[in-house]
Structure formats: C-alpha cells, structure tokens
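The data block below is upload-v3.cif; it holds mmCIF, C-alpha atoms and all ligand atoms.
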data_entry
#
loop_
_atom_site.label_atom_id
_atom_site.label_comp_id
_atom_site.auth_asym_id
_atom_site.auth_seq_id
_atom_site.Cartn_x
_atom_site.Cartn_y
_atom_site.Cartn_z
CA MET A 222 -18.73 71.79 -6.71
CA GLY A 223 -16.97 68.51 -5.73
CA SER A 224 -18.11 66.66 -8.83
CA LEU A 225 -17.25 69.68 -11.01
CA MET A 226 -13.70 69.59 -9.59
CA LEU A 227 -13.52 65.85 -10.17
CA GLY A 228 -14.77 66.33 -13.72
CA THR A 229 -12.06 68.94 -14.38
CA GLU A 230 -9.34 66.69 -12.95
CA VAL A 231 -10.49 63.76 -15.05
CA MET A 232 -10.54 65.96 -18.16
CA SER A 233 -7.02 67.19 -17.46
CA LEU A 234 -5.69 63.67 -16.91
CA MET A 235 -7.43 62.55 -20.09
CA SER A 236 -5.72 65.29 -22.04
CA THR A 237 -2.28 64.43 -20.56
CA CYS A 238 -2.79 60.78 -21.42
CA ALA A 239 -4.02 61.75 -24.89
CA ALA A 240 -0.94 63.93 -25.38
CA VAL A 241 1.50 61.21 -24.27
CA PHE A 242 -0.16 58.45 -26.27
CA ALA A 243 -1.45 60.57 -29.19
CA PRO A 244 0.51 58.55 -31.80
CA TYR A 245 -1.26 55.36 -30.66
CA MET A 246 -4.83 56.72 -30.54
CA ALA A 247 -5.46 55.26 -33.98
CA PHE A 248 -4.98 51.67 -32.81
CA ILE A 249 -5.66 51.49 -29.06
CA PRO A 250 -9.29 50.32 -28.80
CA ASP A 251 -11.61 52.44 -26.61
CA PHE A 252 -8.94 55.06 -25.98
CA ALA A 253 -10.98 56.83 -23.25
CA ALA A 254 -11.18 53.58 -21.26
CA PHE A 255 -7.45 53.07 -21.78
CA CYS A 256 -6.68 56.54 -20.30
CA ALA A 257 -9.13 55.94 -17.44
CA ALA A 258 -7.38 52.64 -16.61
CA LEU A 259 -4.01 54.41 -16.40
CA GLN A 260 -5.28 56.50 -13.51
CA THR A 261 -7.15 53.72 -11.70
CA PRO A 262 -5.23 51.77 -9.05
CA GLN A 263 -4.91 48.11 -10.06
CA PRO A 264 -4.95 45.17 -7.64
CA TYR A 265 -1.56 43.66 -6.84
CA CYS A 266 -0.88 40.33 -8.46
CA LEU A 267 0.96 37.85 -6.25
CA ARG A 268 2.41 34.80 -7.94
CA VAL A 269 2.31 32.02 -5.39
CA ASN A 270 5.57 30.08 -5.24
CA THR A 271 4.23 26.57 -5.68
CA LEU A 272 7.70 25.18 -4.88
CA ARG A 273 7.11 26.28 -1.28
CA THR A 274 3.34 26.34 -0.69
CA ARG A 275 -0.11 26.17 -2.25
CA PRO A 276 -2.27 29.04 -3.59
CA GLU A 277 -5.10 28.15 -1.15
CA THR A 278 -2.70 28.48 1.78
CA VAL A 279 -1.53 31.95 0.78
CA ARG A 280 -5.08 33.02 0.06
CA GLU A 281 -6.20 31.85 3.48
CA LEU A 282 -3.23 33.49 5.27
CA LEU A 283 -3.86 36.85 3.58
CA MET A 284 -7.62 36.77 4.09
CA ARG A 285 -7.08 36.13 7.81
CA GLN A 286 -5.10 39.40 7.86
CA GLY A 287 -8.04 41.24 6.30
CA TYR A 288 -6.89 41.35 2.69
CA SER A 289 -9.39 40.93 -0.10
CA VAL A 290 -8.03 38.17 -2.34
CA THR A 291 -9.47 36.85 -5.59
CA ALA A 292 -8.14 34.11 -7.86
CA SER A 293 -7.10 35.05 -11.38
CA PRO A 294 -8.76 33.09 -14.20
CA ILE A 295 -5.37 32.97 -15.94
CA ALA A 296 -3.73 30.42 -13.63
CA ASP A 297 -4.18 28.95 -10.16
CA GLU A 298 -0.92 30.38 -8.84
CA LEU A 299 -1.94 33.98 -9.53
CA LEU A 300 -3.82 35.83 -6.78
CA LEU A 301 -5.17 39.37 -7.04
CA VAL A 302 -5.13 41.39 -3.82
CA HIS A 303 -7.15 44.59 -3.75
CA ASN A 304 -6.24 46.38 -0.52
CA LEU A 305 -2.51 45.77 -0.27
CA THR A 306 0.04 48.60 -0.41
CA HIS A 307 3.44 46.97 0.22
CA PRO A 308 3.36 43.38 -1.09
CA GLY A 309 7.05 42.85 -0.35
CA ARG A 310 6.67 43.52 3.37
CA LEU A 311 4.35 40.73 4.49
CA ARG A 312 5.70 37.74 6.40
CA GLU A 313 4.54 35.49 3.53
CA ALA A 314 6.74 37.44 1.10
CA LEU A 315 9.74 37.10 3.41
CA LEU A 316 9.11 33.35 3.57
CA GLY A 317 9.21 33.16 -0.22
CA TYR A 318 5.58 32.04 -0.40
CA TYR A 319 4.89 34.45 -3.25
CA HIS A 320 6.57 36.82 -5.67
CA PRO A 321 4.80 40.12 -6.53
CA GLN A 322 4.55 40.26 -10.32
CA ALA A 323 2.31 42.09 -12.79
CA LEU A 324 -0.45 39.83 -14.05
CA THR A 325 0.50 40.40 -17.69
CA SER A 326 4.16 39.65 -16.93
CA ALA A 327 3.10 36.34 -15.38
CA MET A 328 1.03 35.57 -18.49
CA VAL A 329 4.25 35.53 -20.52
CA SER A 330 5.75 32.51 -18.68
CA ARG A 331 2.38 30.76 -19.00
CA ILE A 332 2.56 31.39 -22.76
CA VAL A 333 6.11 29.98 -22.85
CA ALA A 334 4.65 26.91 -21.07
CA PRO A 335 7.98 25.19 -20.27
CA GLN A 336 7.87 21.47 -19.42
CA PRO A 337 9.79 19.85 -16.52
CA ASP A 338 12.33 17.94 -18.63
CA GLU A 339 13.23 20.74 -21.04
CA LEU A 340 16.22 22.95 -21.72
CA VAL A 341 15.03 26.56 -21.74
CA CYS A 342 16.84 29.82 -22.48
CA ASP A 343 15.72 33.12 -20.95
CA LEU A 344 17.84 35.53 -22.99
CA CYS A 345 17.05 38.80 -21.12
CA ALA A 346 16.26 37.36 -17.72
CA ALA A 347 16.98 39.82 -14.89
CA PRO A 348 15.64 40.39 -12.29
CA GLY A 349 14.15 36.95 -12.81
CA SER A 350 10.38 37.24 -12.43
CA LYS A 351 9.74 35.14 -15.50
CA THR A 352 12.73 32.84 -14.92
CA SER A 353 11.48 31.99 -11.44
CA HIS A 354 7.92 31.53 -12.69
CA MET A 355 9.13 29.17 -15.42
CA ALA A 356 11.24 27.27 -12.85
CA GLN A 357 8.17 26.60 -10.73
CA LEU A 358 6.13 25.58 -13.80
CA MET A 359 8.96 23.07 -14.48
CA HIS A 360 8.77 21.80 -10.85
CA ASN A 361 12.45 22.75 -10.42
CA GLN A 362 13.41 20.16 -13.06
CA GLY A 363 15.09 20.42 -16.47
CA VAL A 364 17.42 23.41 -16.91
CA ILE A 365 16.88 27.11 -17.52
CA VAL A 366 19.79 29.24 -18.70
CA ALA A 367 19.01 32.73 -17.39
CA ASN A 368 21.11 35.27 -19.29
CA ASP A 369 21.46 39.01 -18.75
CA PRO A 370 24.46 41.26 -19.40
CA ALA A 371 23.64 43.69 -16.54
CA HIS A 372 25.79 42.64 -13.60
CA ALA A 373 23.72 44.31 -10.84
CA ARG A 374 20.46 43.04 -12.27
CA LEU A 375 21.84 39.51 -12.53
CA ALA A 376 22.72 39.72 -8.81
CA MET A 377 19.04 40.57 -8.12
CA LEU A 378 18.01 37.55 -10.20
CA GLU A 379 20.34 35.29 -8.24
CA TYR A 380 18.96 36.64 -4.95
CA ASN A 381 15.38 36.06 -6.13
CA LEU A 382 16.11 32.49 -7.22
CA LYS A 383 17.71 31.65 -3.89
CA HIS A 384 14.89 33.30 -1.95
CA LEU A 385 12.29 31.28 -3.88
CA GLY A 386 14.16 27.95 -3.48
CA ILE A 387 14.92 27.48 -7.18
CA SER A 388 17.61 25.00 -8.16
CA ASN A 389 17.25 24.34 -11.91
CA VAL A 390 18.70 27.65 -13.19
CA VAL A 391 22.22 28.48 -14.33
CA THR A 392 23.13 32.07 -15.16
CA SER A 393 25.23 33.67 -17.89
CA ARG A 394 26.13 37.25 -18.72
CA TYR A 395 26.34 37.52 -22.50
CA ARG A 396 24.92 40.31 -24.60
CA GLY A 397 21.99 38.27 -25.85
CA GLN A 398 22.81 38.88 -29.51
CA ASN A 399 26.20 37.18 -28.90
CA PHE A 400 24.85 34.22 -26.90
CA PRO A 401 26.82 31.16 -28.10
CA LEU A 402 25.07 28.95 -30.63
CA ARG A 403 26.67 25.73 -29.29
CA CYS A 404 23.58 24.64 -27.39
CA LYS A 405 20.00 24.46 -28.73
CA PHE A 406 16.88 24.95 -26.62
CA ALA A 407 13.33 23.57 -26.62
CA ARG A 408 12.04 27.02 -25.61
CA VAL A 409 13.55 30.47 -25.76
CA LEU A 410 12.13 33.60 -24.15
CA VAL A 411 13.21 37.03 -25.41
CA ASP A 412 11.69 39.45 -22.88
CA ALA A 413 13.45 42.31 -24.57
CA PRO A 414 14.76 45.57 -23.14
CA CYS A 415 12.18 48.14 -24.26
CA SER A 416 10.89 51.67 -23.74
CA GLY A 417 8.52 50.41 -21.00
CA GLU A 418 5.47 52.45 -22.03
CA GLY A 419 3.22 49.70 -20.67
CA ASN A 420 4.19 50.76 -17.14
CA TYR A 421 3.09 54.39 -17.51
CA HIS A 422 0.29 55.46 -15.19
CA TRP A 423 -0.90 58.55 -13.34
CA ASP A 424 -1.14 58.91 -9.57
CA LYS A 425 -3.99 60.59 -7.64
CA GLN A 426 -2.26 63.97 -7.96
CA GLY A 427 -2.17 63.60 -11.73
CA ARG A 428 1.60 63.01 -11.84
CA MET A 429 2.80 60.63 -14.47
CA GLN A 430 4.67 57.62 -13.06
CA HIS A 431 6.76 55.14 -14.91
CA VAL A 432 9.47 52.67 -14.13
CA ARG A 433 12.78 54.23 -15.09
CA ARG A 434 14.67 52.28 -17.67
CA GLY A 435 17.65 50.47 -16.18
CA ILE A 436 21.16 51.77 -16.62
CA GLY A 437 22.60 50.13 -19.67
CA THR A 438 19.28 49.86 -21.48
CA PRO A 439 20.24 50.35 -25.13
CA THR A 440 19.08 53.57 -26.76
CA ASP A 441 18.81 52.05 -30.24
CA LEU A 442 16.11 49.67 -29.03
CA PRO A 443 14.52 48.35 -32.25
CA ARG A 444 17.93 47.44 -33.69
CA VAL A 445 18.94 45.55 -30.54
CA GLN A 446 15.50 43.93 -30.23
CA LYS A 447 15.78 42.61 -33.81
CA GLN A 448 19.24 41.20 -33.11
CA LEU A 449 18.00 39.54 -29.91
CA LEU A 450 14.98 37.98 -31.60
CA LEU A 451 17.09 36.64 -34.49
CA ARG A 452 19.54 35.10 -32.00
CA GLY A 453 16.62 33.69 -29.99
CA PHE A 454 15.35 31.97 -33.15
CA ASP A 455 18.82 30.63 -34.02
CA LEU A 456 19.02 29.08 -30.55
CA LEU A 457 15.94 26.89 -31.09
CA ALA A 458 16.21 23.13 -31.32
CA PRO A 459 14.11 21.57 -34.14
CA GLY A 460 10.43 21.97 -33.24
CA GLY A 461 11.25 24.48 -30.51
CA SER A 462 9.24 27.58 -29.68
CA LEU A 463 10.25 31.18 -29.14
CA ILE A 464 8.33 33.86 -27.26
CA TYR A 465 9.02 37.55 -27.86
CA ALA A 466 7.65 39.95 -25.25
CA THR A 467 7.92 43.65 -24.44
CA CYS A 468 6.09 45.93 -22.02
CA THR A 469 5.58 48.67 -24.57
CA TYR A 470 2.98 49.73 -27.12
CA ASN A 471 5.39 51.06 -29.75
CA PRO A 472 4.93 49.10 -33.03
CA ALA A 473 8.58 49.83 -33.92
CA GLU A 474 9.57 47.66 -30.91
CA ASN A 475 6.87 45.05 -31.48
CA GLU A 476 5.37 44.19 -34.87
CA ALA A 477 8.34 45.70 -36.78
CA VAL A 478 10.74 43.48 -34.82
CA VAL A 479 8.68 40.35 -35.48
CA GLN A 480 8.34 41.37 -39.14
CA GLU A 481 12.13 41.46 -39.45
CA LEU A 482 12.33 37.90 -38.09
CA LEU A 483 9.65 36.66 -40.54
CA GLU A 484 11.64 38.20 -43.39
CA GLN A 485 15.04 36.89 -42.26
CA ARG A 486 14.22 33.39 -41.03
CA PRO A 487 11.76 30.52 -41.79
CA ALA A 488 9.70 31.50 -38.74
CA THR A 489 5.96 31.46 -38.31
CA LEU A 490 3.54 32.91 -35.76
CA GLN A 491 1.16 30.71 -33.83
CA PRO A 492 -2.02 31.57 -31.90
CA ILE A 493 -1.84 32.22 -28.17
CA THR A 494 -4.50 30.78 -25.90
CA LEU A 495 -5.13 32.16 -22.41
CA PRO A 496 -8.47 33.28 -20.97
CA THR A 497 -7.97 37.06 -21.16
CA LEU A 498 -9.14 39.99 -23.23
CA HIS A 499 -6.53 41.14 -25.72
CA SER A 500 -6.14 42.90 -29.05
CA PRO A 501 -4.45 41.38 -32.11
CA GLY A 502 -1.10 42.55 -33.45
CA LEU A 503 -1.22 45.40 -35.96
CA LEU A 504 -1.21 44.80 -39.70
CA GLN A 505 -0.13 48.34 -40.48
CA TRP A 506 1.61 51.25 -38.76
CA LYS A 507 2.24 54.53 -40.56
CA GLU A 508 3.72 53.53 -43.94
CA ASP A 509 4.70 49.99 -42.84
CA ILE A 510 2.57 46.97 -43.77
CA TYR A 511 3.05 43.86 -41.65
CA ASP A 512 2.60 40.16 -42.41
CA ALA A 513 -1.04 38.98 -42.07
CA ARG A 514 0.07 36.40 -39.46
CA MET A 515 0.81 39.33 -37.12
CA GLN A 516 -2.83 39.06 -36.01
CA HIS A 517 -1.74 36.05 -33.89
CA CYS A 518 0.34 38.37 -31.69
CA TRP A 519 -1.26 39.77 -28.56
CA ARG A 520 -1.42 43.40 -27.51
CA LEU A 521 -2.41 43.53 -23.85
CA TYR A 522 -3.84 46.88 -22.75
CA PRO A 523 -4.46 47.92 -19.10
CA HIS A 524 -8.19 48.50 -19.62
CA GLN A 525 -8.56 44.96 -20.97
CA THR A 526 -6.42 43.12 -18.41
CA GLY A 527 -6.37 45.33 -15.27
CA SER A 528 -2.57 45.17 -15.44
CA VAL A 529 0.36 46.78 -17.25
CA GLY A 530 0.64 46.91 -21.04
CA PHE A 531 2.43 44.08 -22.86
CA PHE A 532 3.05 42.72 -26.35
CA VAL A 533 3.59 38.98 -26.92
CA ALA A 534 4.41 36.96 -30.03
CA SER A 535 4.53 33.15 -30.08
CA ILE A 536 6.90 31.92 -32.78
CA ARG A 537 7.81 28.53 -34.23
CA ALA A 538 10.41 27.41 -36.73
C1 LIG A 601 12.32 43.68 -19.60
S1 LIG A 601 13.78 43.41 -18.74
C2 LIG A 601 13.68 41.67 -18.40
C3 LIG A 601 12.76 41.33 -17.27
C4 LIG A 601 12.86 39.87 -16.86
N1 LIG A 601 12.62 38.98 -17.98
C5 LIG A 601 11.89 39.52 -15.74
O1 LIG A 601 10.81 38.99 -16.01
O2 LIG A 601 12.23 39.79 -14.58
C6 LIG A 601 14.97 43.44 -20.01
C7 LIG A 601 16.35 42.97 -19.61
O3 LIG A 601 17.16 42.98 -20.80
C8 LIG A 601 18.47 43.19 -20.38
N2 LIG A 601 19.27 43.55 -21.57
C9 LIG A 601 19.64 44.78 -22.01
N3 LIG A 601 20.40 44.63 -23.11
C10 LIG A 601 20.50 43.32 -23.35
C11 LIG A 601 21.18 42.53 -24.34
N4 LIG A 601 21.91 43.09 -25.29
N5 LIG A 601 21.09 41.19 -24.27
C12 LIG A 601 20.34 40.59 -23.30
N6 LIG A 601 19.68 41.28 -22.35
C13 LIG A 601 19.77 42.61 -22.38
C14 LIG A 601 18.38 44.26 -19.31
O4 LIG A 601 19.50 44.22 -18.47
C15 LIG A 601 17.08 43.87 -18.59
O5 LIG A 601 17.37 43.12 -17.45
#
For this file, write the structure as structure tokens.
Ligand SMILES: C[S@@+](CC[C@H](N)C(=O)[O-])C[C@H]1O[C@@H](n2cnc3c(N)ncnc32)[C@H](O)[C@@H]1O
Amino acid sequence: MGSLMLGTEVMSLMSTCAAVFAPYMAFIPDFAAFCAALQTPQPYCLRVNTLRTRPETVRELLMRQGYSVTASPIADELLLVHNLTHPGRLREALLGYYHPQALTSAMVSRIVAPQPDELVCDLCAAPGSKTSHMAQLMHNQGVIVANDPAHARLAMLEYNLKHLGISNVVTSRYRGQNFPLRCKFARVLVDAPCSGEGNYHWDKQGRMQHVRRGIGTPTDLPRVQKQLLLRGFDLLAPGGSLIYATCTYNPAENEAVVQELLEQRPATLQPITLPTLHSPGLLQWKEDIYDARMQHCWRLYPHQTGSVGFFVASIRA
C-alpha cells in the first residue's frame, strides 16, 4: 500500500513537472531524471570565505557539530553539507566564515576567473554572492565595480560585503544598459535579471516552490537582457572577457540573447572548463537557428549538477 501511494505521488509530481516544463522536454536530456531531481532535496553549498578562514577549518568545525560535509570537485572553497537546514544560523555563518550559495551560482565566478590586479565590472550584482566570491578570488585586490539599480538589493550587497570583510568593491546604481562607457574592464559579468526557472522545485507535499522575482525585475526580459549583454561587451578593454549568466532554461533569455550579441558585435564564444556535467547550448529552438559556436555555452541542469539550473556563456572580443 505504502509503495503504491509513493508511486502515485511520484507520478503526480512527474506530471506537474512535465506540465510546467513541457516546452523544454525536447531539449532537456533525460527529462524523467530532471523532474526527479526537482523533488529531491539537494545538499547546501557553503562557499568558504577564504579572506577569513580556510576550507579545512570550516569543514572541521561543522563535522564536530555532526554535519556531514563533502568537498566539491569544482573548487576547494566550496563545501557540500547534507544534513543542514538553516545554513545562515550557525556561528560560523555569523562570523563570516562562509556564505551559503548555490553550487552552480558559485561556478559562475569561477568561470569569470578574475585575477588580483584586475578591474572587473559586475553589471547586475545584488545581493552580491558572485561579487563577494570574485573579491575573494582576487584576494581583496584590484577593483570590482558592483552595479545594480535596485536600491534595497544594493543595500543587501553592501551588508554582505562588510560582513565578509571585503574591501576591493565600489558600488554604483545605474540601469546596466546605461552604465557609462568611460572606463573599460578586463572582465565583465552580466548575471542578468531573468525568469528564474532554474530555482523551481517541489517540496515533499508536492507544492511547487520558486524564488519570487524581485520587485523591479523587468517584464520584457529578453529585450533588457540583450541591452545588458551589448553594454557588457562595450565595456570590455581589449582582450577582455565577458560572462553572461542566467538561472533559467528559457532559450529566449539565453541562446537568443547571445545570438543577438554575435550578430551585433565582433564577439566570439569560447569553451568553458570546469569539472562538472553539463549540456551544450542549443543550436535551434522552435523556428530560430543559432550560431554553431553556441555549443560552447553551458546549460546546467539540476540532475547533472545537484544544484539549481543555470545557463553560462563565455565571450571574448
Ligand atoms: C540574478 S540577480 C543578480 C544576482 C547577483 N549577481 C548575485 O550573484 O548575488 C539580477 C539582478 O539584476 C538586477 N537588475 C534588474 N534590472 C537591471 C538593469 N536594468 N541593469 C542592471 N541590473 C538590473 C536586479 O536588481 C537583480 O539584483
């Protein structure tokens, strides 16, 4: 009886997932595994703040409290904790020893790979998870301009930076598409406002959960995303690199946005290297055909990464 009930629940969740993501069934690999992953609790990823402490120290401190901690193969500073419910409440969080951050979100700053002496622009930066990660990768050296037009979200970013002991970031509050072209950057990150489908998941009761889009998130997303990516490209110094990221599966917010850049500017796509399963960018969606270089983009699905869905493109002039 129990397993029959369980079977029925699984079937019903599968059909809800299939209904929500029906348009993407054609391109999400192993769709049944994708739906199963959206109802399976994922471990928390803690990004150790290497400006304050070492990954081994945090690992040791958490294990002494009975938490099951494993290292992520992506990077030393990323720890996966399996039996944690409120990562923000531990003493180590209050001390700024780590920042809870989705594993795939942390991959983005690793793909940006900023160097200590560089000038970096984070065009859509709040609440600062990637800004603060990049700051620690730069050993608090060089300069990051963290821009976001949302006042309240920028306040959260400033709080996070202070809490984590970061001192190489200045903030600005432009609409990214109007960011002044006076200064050119070695690296630009456009972590664009998006529909956030990558955060969708189902709880044990079968209720769909997703992070609500912030107030002020534009409704005409693809248009704004294209403007932001074009401005991001125009902000590059010669030889600079630009990363475009979203936490959504929608090709209209991903490949179509990158396609616009390839058509409007002398941009090219470059391969991404990190040790994780991923799927390549799409070459076609409905009636749209995309540039063959789109295969260098990464689609990160929850059943491949054990984290939230993301899209990443690595671009060079
Ligand atoms: C996906 S969130 C960024 C998350 C952030 N990078 C992090 O890792 O914490 C997208 C951000 O874009 C901002 N945004 C919305 N419209 C924008 C615009 N026109 N220019 C720049 N940023 C914008 C939103 O306020 C939001 O904070």
Please check which protein, DNA or RNA residues sit within 6 Å of ligand LIG 601 (chain A), counting all atoms listed in the file, and write them as a short mmCIF file (atom, residue, chain, number, x, y, z; two decimals) with C-alpha atoms, in the frame of the given file.
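out04.cif, written as the output of this step:
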data_model
loop_
_atom_site.label_atom_id
_atom_site.label_comp_id
_atom_site.auth_asym_id
_atom_site.auth_seq_id
_atom_site.Cartn_x
_atom_site.Cartn_y
_atom_site.Cartn_z
CA LEU A 344 17.84 35.53 -22.99
CA CYS A 345 17.05 38.80 -21.12
CA ALA A 346 16.26 37.36 -17.72
CA ALA A 347 16.98 39.82 -14.89
CA PRO A 348 15.64 40.39 -12.29
CA GLY A 349 14.15 36.95 -12.81
CA SER A 350 10.38 37.24 -12.43
CA LYS A 351 9.74 35.14 -15.50
CA ASP A 369 21.46 39.01 -18.75
CA PRO A 370 24.46 41.26 -19.40
CA ALA A 371 23.64 43.69 -16.54
CA ARG A 396 24.92 40.31 -24.60
CA GLY A 397 21.99 38.27 -25.85
CA GLN A 398 22.81 38.88 -29.51
CA ASP A 412 11.69 39.45 -22.88
CA ALA A 413 13.45 42.31 -24.57
CA PRO A 414 14.76 45.57 -23.14
CA THR A 438 19.28 49.86 -21.48
#
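Proximity of A:Leu311, A:Leu382, A:Val279, A:Ile536 to A:Gly461, computed with all atoms listed in the file, is greatest for A:Ile536.
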Task: Using all atoms listed in the file: which of A:Arg403, A:Lys507, A:Arg280, A:Arg486 has the shortest distance to A:Ala247 - done: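 That would be A:Lys507, the residue with the smallest distance to A:Ala247.
Between atom CA of A:Leu299 and atom CA of A:Gly460 the separation is 29.3 Å.
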Task: Protein, DNA and RNA residues within 12 Å of (-1.9, 46.8, 1.9), only C-alpha atoms, as a PyMOL selection string - done: chain A and resi 264-265+283-284+286-290+302-311
Open item on the list: Given the point (-2.0, 31.3, -23.0) in the coordinates of this file, which residues lie within 9 Å, counting only C-alpha atoms, and how would they look as a count of residues only?
Closed with: 14
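Of the residues under consideration (A:Val341, A:Met355, A:Leu272, A:Leu504), A:Leu504 shows the shortest atom-to-atom contact distance to A:Ala477 when counting all atoms listed in the file.
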Task: Pick from A:Pro523, A:Gly417, A:Pro294, A:Pro401, whichever lies nearest to A:Gly453 using all atoms listed in the file - done: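 When distances to A:Gly453 are compared using all atoms listed in the file, the smallest one comes from A:Pro401.
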- [ ] Return the single residue from A:Leu315, A:Leu300, A:Ser388, A:Ala257 that is closest to A:Glu277, with distances computed using only C-alpha atoms.
- [x]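 Looking only at the distances to A:Glu277, the closest residue turns out to be A:Leu300.
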- [ ] Using all atoms listed in the file, pick whichever of A:Ala473, A:Val391, A:Ala296, A:Leu450 has the shortest atom-to-atom distance to A:Ala534.
- [x]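 Among the listed residues, the smallest separation from A:Ala534 belongs to A:Leu450.
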Open item on the list: Just the number, please: distance in Å from atom CA of A:Thr467 to atom CA of A:Thr237, one decimal.
Closed with: 23.5 Å
TODO: Please identify all polymer residues within 10 Å of A:Leu457, counting all atoms listed in the file, omitting same-chain residues fewer than 4 positions from it, and present them as a ChimeraX atom specification.
DONE: /A:341-342,402,404-409,452-453,461-463,537-538
Write out as CSV the residues of stretch 445-497 of chain A that have any atom within 10 Å of an atom of stretch 239-246 of chain A, one row each with the nearest atom pair and its distance in Å to one decimal, counting only C-alpha atoms, sorted by chain and then rising number.
residue,atom,partner,partner_atom,distance
A:Tyr470,CA,A:Tyr245,CA,7.9
A:Asn471,CA,A:Tyr245,CA,8.0
A:Pro472,CA,A:Tyr245,CA,9.1
Pull C-alpha atoms from the residues just selected and write them as a compact mmCIF listing (two decimals), keeping the file's coordinate frame.
# COMPACT_ATOMS: atom_id res chain seq x y z
CA TYR A 470 2.98 49.73 -27.12
CA ASN A 471 5.39 51.06 -29.75
CA PRO A 472 4.93 49.10 -33.03
- [ ] Show which residues sit within 8 Å of A:Leu498, as number ranges by chain. Count only C-alpha atoms, and ignore same-chain residues fewer than 2 positions away.
- [x] A: 496, 500, 521, 525-526
For the selection just defined, write its residues with C-alpha atoms to a file, as a JSON list (two decimals), in the coordinates of the input.
[["chain", "number", "residue", "atom", "x", "y", "z"],
["A", 496, "PRO", "CA", -8.47, 33.28, -20.97],
["A", 500, "SER", "CA", -6.14, 42.90, -29.05],
["A", 521, "LEU", "CA", -2.41, 43.53, -23.85],
["A", 525, "GLN", "CA", -8.56, 44.96, -20.97],
["A", 526, "THR", "CA", -6.42, 43.12, -18.41]]
Just add all heavy atoms to stretch 502-509 of chain A and send it as a compact mmCIF listing (two decimals), keeping the file's coordinate frame.
# COMPACT_ATOMS: atom_id res chain seq x y z
N GLY A 502 -2.21 41.74 -32.94
CA GLY A 502 -1.10 42.55 -33.45
C GLY A 502 -1.57 43.39 -34.63
O GLY A 502 -2.54 43.05 -35.31
N LEU A 503 -0.83 44.48 -34.88
CA LEU A 503 -1.22 45.40 -35.96
C LEU A 503 -0.79 44.84 -37.33
O LEU A 503 0.22 44.15 -37.43
CB LEU A 503 -0.55 46.75 -35.76
CG LEU A 503 -0.80 47.44 -34.42
CD1 LEU A 503 -0.08 48.78 -34.37
CD2 LEU A 503 -2.29 47.62 -34.17
N LEU A 504 -1.58 45.19 -38.34
CA LEU A 504 -1.21 44.80 -39.70
C LEU A 504 -0.60 45.98 -40.45
O LEU A 504 -0.08 45.82 -41.56
CB LEU A 504 -2.42 44.26 -40.44
CG LEU A 504 -3.06 43.00 -39.81
CD1 LEU A 504 -4.22 42.49 -40.64
CD2 LEU A 504 -2.01 41.89 -39.64
N GLN A 505 -0.67 47.15 -39.84
CA GLN A 505 -0.13 48.34 -40.48
C GLN A 505 0.19 49.39 -39.43
O GLN A 505 -0.53 49.52 -38.43
CB GLN A 505 -1.18 48.91 -41.45
CG GLN A 505 -0.67 50.09 -42.21
CD GLN A 505 -1.61 50.52 -43.34
OE1 GLN A 505 -2.73 50.00 -43.43
NE2 GLN A 505 -1.16 51.43 -44.16
N TRP A 506 1.26 50.12 -39.64
CA TRP A 506 1.61 51.25 -38.76
C TRP A 506 2.31 52.29 -39.61
O TRP A 506 3.34 51.98 -40.23
CB TRP A 506 2.49 50.79 -37.61
CG TRP A 506 3.14 51.87 -36.80
CD1 TRP A 506 4.49 52.11 -36.69
CD2 TRP A 506 2.49 52.87 -36.00
NE1 TRP A 506 4.72 53.17 -35.86
CE2 TRP A 506 3.51 53.66 -35.41
CE3 TRP A 506 1.15 53.15 -35.71
CZ2 TRP A 506 3.24 54.72 -34.57
CZ3 TRP A 506 0.88 54.21 -34.86
CH2 TRP A 506 1.91 54.97 -34.30
N LYS A 507 1.72 53.49 -39.67
CA LYS A 507 2.24 54.53 -40.56
C LYS A 507 2.39 53.94 -41.97
O LYS A 507 1.46 53.35 -42.47
CB LYS A 507 3.53 55.12 -40.01
CG LYS A 507 3.30 55.83 -38.68
CD LYS A 507 4.57 56.45 -38.16
CE LYS A 507 4.27 57.19 -36.86
NZ LYS A 507 5.48 57.51 -36.11
N GLU A 508 3.59 54.03 -42.56
CA GLU A 508 3.72 53.53 -43.94
C GLU A 508 4.09 52.05 -44.00
O GLU A 508 4.17 51.47 -45.08
CB GLU A 508 4.71 54.38 -44.76
CG GLU A 508 6.14 54.37 -44.29
CD GLU A 508 6.39 55.30 -43.08
OE1 GLU A 508 5.44 55.90 -42.54
OE2 GLU A 508 7.54 55.39 -42.68
N ASP A 509 4.27 51.39 -42.84
CA ASP A 509 4.70 49.99 -42.84
C ASP A 509 3.51 49.03 -42.85
O ASP A 509 2.56 49.20 -42.09
CB ASP A 509 5.53 49.69 -41.59
CG ASP A 509 6.87 50.41 -41.60
OD1 ASP A 509 7.34 50.73 -42.71
OD2 ASP A 509 7.40 50.69 -40.52
